[in-house]
file upload_22.cif (mmCIF, N, CA and C atoms)
data_my_file
#
loop_
_atom_site.label_atom_id
_atom_site.label_comp_id
_atom_site.auth_asym_id
_atom_site.auth_seq_id
_atom_site.Cartn_x
_atom_site.Cartn_y
_atom_site.Cartn_z
N MET A 609 -30.88 -5.24 -30.36
CA MET A 609 -30.56 -3.92 -29.86
C MET A 609 -31.19 -2.92 -30.82
N ARG A 610 -31.97 -2.01 -30.27
CA ARG A 610 -32.62 -1.01 -31.09
C ARG A 610 -32.62 0.31 -30.36
N GLY A 611 -32.64 1.39 -31.13
CA GLY A 611 -32.74 2.69 -30.50
C GLY A 611 -32.25 3.80 -31.39
N VAL A 612 -32.43 5.01 -30.91
CA VAL A 612 -31.97 6.20 -31.61
C VAL A 612 -30.85 6.81 -30.76
N TRP A 613 -29.72 7.03 -31.40
CA TRP A 613 -28.57 7.62 -30.71
C TRP A 613 -28.11 8.85 -31.45
N GLN A 614 -27.48 9.73 -30.72
CA GLN A 614 -26.86 10.90 -31.34
C GLN A 614 -25.37 10.63 -31.45
N LEU A 615 -24.87 10.79 -32.67
CA LEU A 615 -23.47 10.57 -32.95
C LEU A 615 -22.82 11.92 -33.21
N ARG A 616 -21.85 12.28 -32.39
CA ARG A 616 -21.14 13.55 -32.57
C ARG A 616 -19.90 13.29 -33.41
N VAL A 617 -19.81 13.94 -34.55
CA VAL A 617 -18.72 13.74 -35.49
C VAL A 617 -17.84 14.98 -35.48
N GLN A 618 -16.55 14.77 -35.33
CA GLN A 618 -15.58 15.86 -35.35
C GLN A 618 -14.42 15.43 -36.25
N VAL A 619 -14.15 16.23 -37.28
CA VAL A 619 -13.09 15.94 -38.24
C VAL A 619 -12.09 17.07 -38.22
N ASN A 620 -10.81 16.74 -38.03
CA ASN A 620 -9.72 17.71 -38.05
C ASN A 620 -8.73 17.32 -39.13
N VAL A 621 -8.31 18.28 -39.94
CA VAL A 621 -7.30 18.04 -40.96
C VAL A 621 -5.93 18.36 -40.35
N PRO A 622 -5.02 17.38 -40.35
CA PRO A 622 -3.71 17.62 -39.73
C PRO A 622 -2.95 18.77 -40.40
N ASP A 623 -2.20 19.47 -39.60
CA ASP A 623 -1.33 20.57 -40.05
C ASP A 623 -2.09 21.73 -40.68
N THR A 624 -3.39 21.84 -40.40
CA THR A 624 -4.18 22.98 -40.90
C THR A 624 -5.14 23.40 -39.80
N ASN A 625 -5.83 24.48 -40.03
CA ASN A 625 -6.87 24.91 -39.09
C ASN A 625 -8.24 24.46 -39.56
N GLU A 626 -8.29 23.60 -40.57
CA GLU A 626 -9.57 23.15 -41.10
C GLU A 626 -10.16 22.07 -40.20
N HIS A 627 -11.44 22.22 -39.91
CA HIS A 627 -12.14 21.23 -39.11
C HIS A 627 -13.64 21.34 -39.38
N ALA A 628 -14.33 20.32 -39.03
CA ALA A 628 -15.79 20.30 -39.16
C ALA A 628 -16.34 19.50 -37.98
N GLU A 629 -17.54 19.86 -37.58
CA GLU A 629 -18.18 19.17 -36.46
C GLU A 629 -19.68 19.20 -36.67
N TRP A 630 -20.34 18.07 -36.45
CA TRP A 630 -21.80 18.02 -36.55
C TRP A 630 -22.33 16.85 -35.73
N VAL A 631 -23.63 16.84 -35.53
CA VAL A 631 -24.30 15.78 -34.77
C VAL A 631 -25.26 15.07 -35.72
N GLU A 632 -25.18 13.75 -35.74
CA GLU A 632 -26.05 12.93 -36.58
C GLU A 632 -26.92 12.08 -35.68
N ASP A 633 -28.22 12.03 -35.97
CA ASP A 633 -29.12 11.09 -35.30
C ASP A 633 -29.05 9.76 -36.03
N VAL A 634 -28.83 8.69 -35.28
CA VAL A 634 -28.72 7.36 -35.87
C VAL A 634 -29.84 6.50 -35.31
N ASP A 635 -30.68 5.99 -36.22
CA ASP A 635 -31.74 5.06 -35.83
C ASP A 635 -31.26 3.67 -36.21
N ALA A 636 -30.86 2.89 -35.23
CA ALA A 636 -30.21 1.61 -35.51
C ALA A 636 -31.01 0.44 -34.97
N SER A 637 -31.04 -0.60 -35.74
CA SER A 637 -31.62 -1.87 -35.32
C SER A 637 -30.61 -2.96 -35.69
N LEU A 638 -30.36 -3.84 -34.76
CA LEU A 638 -29.42 -4.92 -34.99
C LEU A 638 -30.16 -6.24 -34.83
N LEU A 639 -30.17 -7.02 -35.88
CA LEU A 639 -30.80 -8.33 -35.84
C LEU A 639 -29.74 -9.37 -36.15
N GLN A 640 -29.52 -10.26 -35.21
CA GLN A 640 -28.55 -11.33 -35.41
C GLN A 640 -29.30 -12.66 -35.40
N ALA A 641 -28.92 -13.53 -36.30
CA ALA A 641 -29.53 -14.86 -36.36
C ALA A 641 -28.43 -15.91 -36.29
N LEU A 642 -28.73 -17.00 -35.63
CA LEU A 642 -27.79 -18.09 -35.48
C LEU A 642 -28.45 -19.35 -36.02
N THR A 643 -27.81 -20.02 -36.94
CA THR A 643 -28.33 -21.27 -37.48
C THR A 643 -27.65 -22.43 -36.78
N LEU A 644 -28.45 -23.32 -36.22
CA LEU A 644 -27.92 -24.49 -35.52
C LEU A 644 -28.27 -25.75 -36.29
N ARG A 645 -27.33 -26.67 -36.35
CA ARG A 645 -27.58 -27.98 -36.93
C ARG A 645 -27.01 -29.02 -35.98
N GLY A 646 -27.69 -30.15 -35.89
CA GLY A 646 -27.22 -31.22 -35.03
C GLY A 646 -26.91 -32.47 -35.85
N PHE A 647 -25.80 -33.11 -35.51
CA PHE A 647 -25.41 -34.34 -36.19
C PHE A 647 -25.30 -35.44 -35.13
N PRO A 648 -26.23 -36.39 -35.13
CA PRO A 648 -26.18 -37.46 -34.13
C PRO A 648 -25.06 -38.46 -34.45
N ILE A 649 -24.13 -38.61 -33.52
CA ILE A 649 -23.00 -39.52 -33.70
C ILE A 649 -22.89 -40.41 -32.46
N GLU A 650 -22.87 -41.71 -32.67
CA GLU A 650 -22.68 -42.66 -31.58
C GLU A 650 -21.19 -42.89 -31.39
N TYR A 651 -20.77 -43.03 -30.13
CA TYR A 651 -19.35 -43.21 -29.83
C TYR A 651 -19.15 -44.51 -29.05
N THR A 652 -18.21 -45.30 -29.48
CA THR A 652 -17.83 -46.51 -28.76
C THR A 652 -16.35 -46.41 -28.43
N GLY A 653 -16.03 -46.42 -27.16
CA GLY A 653 -14.65 -46.29 -26.72
C GLY A 653 -14.62 -45.77 -25.31
N PRO A 654 -13.43 -45.46 -24.80
CA PRO A 654 -13.34 -44.99 -23.40
C PRO A 654 -13.88 -43.56 -23.26
N ASP A 655 -14.53 -43.33 -22.12
CA ASP A 655 -15.00 -41.97 -21.83
C ASP A 655 -13.94 -41.23 -21.03
N ALA A 656 -14.26 -40.04 -20.54
CA ALA A 656 -13.28 -39.22 -19.82
C ALA A 656 -12.79 -39.91 -18.55
N GLY A 657 -13.62 -40.78 -17.98
CA GLY A 657 -13.23 -41.49 -16.76
C GLY A 657 -12.48 -42.78 -17.02
N GLY A 658 -12.25 -43.11 -18.30
CA GLY A 658 -11.53 -44.33 -18.63
C GLY A 658 -12.43 -45.54 -18.76
N ASN A 659 -13.74 -45.38 -18.56
CA ASN A 659 -14.68 -46.49 -18.68
C ASN A 659 -14.95 -46.76 -20.16
N SER A 660 -14.99 -48.02 -20.53
CA SER A 660 -15.24 -48.38 -21.92
C SER A 660 -16.71 -48.72 -22.10
N GLY A 661 -17.24 -48.33 -23.22
CA GLY A 661 -18.63 -48.64 -23.51
C GLY A 661 -19.20 -47.69 -24.53
N PRO A 662 -20.31 -48.06 -25.12
CA PRO A 662 -20.90 -47.19 -26.13
C PRO A 662 -21.66 -46.01 -25.50
N LEU A 663 -21.52 -44.87 -26.12
CA LEU A 663 -22.34 -43.71 -25.76
C LEU A 663 -23.32 -43.52 -26.92
N PRO A 664 -24.61 -43.57 -26.63
CA PRO A 664 -25.59 -43.49 -27.72
C PRO A 664 -25.59 -42.11 -28.37
N ALA A 665 -26.03 -42.08 -29.60
CA ALA A 665 -26.17 -40.80 -30.32
C ALA A 665 -27.24 -39.95 -29.63
N PRO A 666 -27.05 -38.64 -29.58
CA PRO A 666 -28.05 -37.79 -28.96
C PRO A 666 -29.36 -37.82 -29.74
N GLY A 667 -30.44 -37.67 -29.01
CA GLY A 667 -31.76 -37.66 -29.64
C GLY A 667 -32.27 -36.25 -29.84
N LEU A 668 -33.48 -36.13 -30.35
CA LEU A 668 -34.07 -34.82 -30.62
C LEU A 668 -34.16 -33.97 -29.35
N ALA A 669 -34.51 -34.59 -28.22
CA ALA A 669 -34.61 -33.84 -26.96
C ALA A 669 -33.27 -33.24 -26.56
N ASP A 670 -32.17 -33.95 -26.83
CA ASP A 670 -30.84 -33.43 -26.52
C ASP A 670 -30.53 -32.20 -27.38
N PHE A 671 -30.88 -32.27 -28.67
CA PHE A 671 -30.64 -31.13 -29.56
C PHE A 671 -31.48 -29.93 -29.16
N VAL A 672 -32.73 -30.16 -28.78
CA VAL A 672 -33.62 -29.07 -28.36
C VAL A 672 -33.07 -28.40 -27.11
N SER A 673 -32.60 -29.19 -26.16
CA SER A 673 -32.03 -28.65 -24.92
C SER A 673 -30.79 -27.83 -25.21
N THR A 674 -29.92 -28.35 -26.07
CA THR A 674 -28.70 -27.62 -26.42
C THR A 674 -29.02 -26.31 -27.13
N ALA A 675 -29.99 -26.34 -28.04
CA ALA A 675 -30.39 -25.13 -28.77
C ALA A 675 -30.98 -24.10 -27.80
N ALA A 676 -31.78 -24.54 -26.85
CA ALA A 676 -32.38 -23.61 -25.88
C ALA A 676 -31.30 -22.94 -25.04
N THR A 677 -30.30 -23.71 -24.62
CA THR A 677 -29.19 -23.14 -23.84
C THR A 677 -28.42 -22.12 -24.67
N THR A 678 -28.16 -22.45 -25.93
CA THR A 678 -27.44 -21.53 -26.81
C THR A 678 -28.20 -20.23 -26.99
N LEU A 679 -29.51 -20.30 -27.19
CA LEU A 679 -30.31 -19.09 -27.38
C LEU A 679 -30.36 -18.22 -26.12
N ARG A 680 -30.28 -18.84 -24.94
CA ARG A 680 -30.26 -18.06 -23.71
C ARG A 680 -28.92 -17.34 -23.53
N ARG A 681 -27.84 -17.97 -23.97
CA ARG A 681 -26.50 -17.40 -23.77
C ARG A 681 -26.14 -16.34 -24.79
N TYR A 682 -26.67 -16.43 -25.98
CA TYR A 682 -26.33 -15.50 -27.07
C TYR A 682 -27.58 -14.75 -27.49
N SER A 683 -27.45 -13.43 -27.62
CA SER A 683 -28.62 -12.61 -27.98
C SER A 683 -28.84 -12.65 -29.49
N VAL A 684 -29.56 -13.67 -29.92
CA VAL A 684 -29.87 -13.82 -31.33
C VAL A 684 -31.38 -13.96 -31.49
N ALA A 685 -31.85 -13.76 -32.73
CA ALA A 685 -33.27 -13.87 -33.01
C ALA A 685 -33.71 -15.33 -32.79
N GLN A 686 -34.84 -15.52 -32.15
CA GLN A 686 -35.36 -16.86 -31.91
C GLN A 686 -36.46 -17.17 -32.91
N THR A 687 -36.14 -17.06 -34.18
CA THR A 687 -37.09 -17.32 -35.26
C THR A 687 -36.65 -18.56 -36.00
N PRO A 688 -37.32 -19.67 -35.79
CA PRO A 688 -36.90 -20.89 -36.48
C PRO A 688 -37.17 -20.80 -37.98
N ARG A 689 -36.25 -21.36 -38.77
CA ARG A 689 -36.42 -21.42 -40.22
C ARG A 689 -36.84 -22.83 -40.60
N GLN A 690 -37.70 -22.91 -41.58
CA GLN A 690 -38.15 -24.22 -42.07
C GLN A 690 -37.27 -24.66 -43.21
N GLY A 691 -36.94 -25.94 -43.27
CA GLY A 691 -36.15 -26.46 -44.38
C GLY A 691 -34.68 -26.20 -44.20
N SER A 692 -33.91 -26.57 -45.18
CA SER A 692 -32.47 -26.37 -45.11
C SER A 692 -32.05 -25.30 -46.09
N VAL A 693 -30.89 -24.73 -45.80
CA VAL A 693 -30.36 -23.66 -46.64
C VAL A 693 -29.13 -24.15 -47.35
#

call {"tool": "encode", "arguments": {"input": "upload_22.cif", "output": "structure tokens"}}
result
Amino acid sequence: MRGVWQLRVQVNVPDTNEHAEWVEDVDASLLQALTLRGFPIEYTGPDAGGNSGPLPAPGLADFVSTAATTLRRYSVAQTPRQGSV
């Protein structure tokens, strides 16, 4: 989100006639970043339907798909970082 807005400021002091009012131009830029990490975990046991069996750990394609969905749903910067923090 970026843009220039006018902010109207009005200050009143209680129980007095003192007050002030002015307009401020605000040039704002908002940059949000989301860091995603994936942990592949294999599961052996019953699933939601009661069926027993192993569920394999998610692969790289699963993590990429999940990350893409997250970036579409949340307005964050899509700038990948290299390495770990």

call {"tool": "atom_distance", "arguments": {"input": "upload_22.cif", "atom1": "atom N of Trp613 of chain A", "atom2": "atom C of Ala628 of chain A"}}
result
19.4 Å

call {"tool": "select_by_dssp", "arguments": {"input": "upload_22.cif", "residues": "chain A", "states": "strand (DSSP E or B)", "output": "ChimeraX atom specification"}}
result
/A:610-620,627-637,651-654,660-663

call {"tool": "residues_around", "arguments": {"input": "upload_22.cif", "residues": "segment 643-660 of chain A", "least_positions_apart": "6", "cutoff": "8 Å", "atoms": "all atoms listed in the file", "output": "ChimeraX atom specification"}}
result
/A:666-667,671,675

call {"tool": "residues_around", "arguments": {"input": "upload_22.cif", "residues": "Leu615 of chain A", "least_positions_apart": "6", "cutoff": "12 Å", "atoms": "only C-alpha atoms", "output": "ChimeraX atom specification"}}
result
/A:629-636

call {"tool": "atom_distance", "arguments": {"input": "upload_22.cif", "atom1": "atom CA of Ala669 of chain A", "atom2": "atom CA of Arg681 of chain A"}}
result
18.6 Å

call {"tool": "atom_distance", "arguments": {"input": "upload_22.cif", "atom1": "atom CA of Val672 of chain A", "atom2": "atom CA of Ser637 of chain A"}}
result
28.1 Å

call {"tool": "select_by_dssp", "arguments": {"input": "upload_22.cif", "residues": "segment 613-688 of chain A", "states": "alpha helix (DSSP H)", "output": "count of residues only"}}
result
14
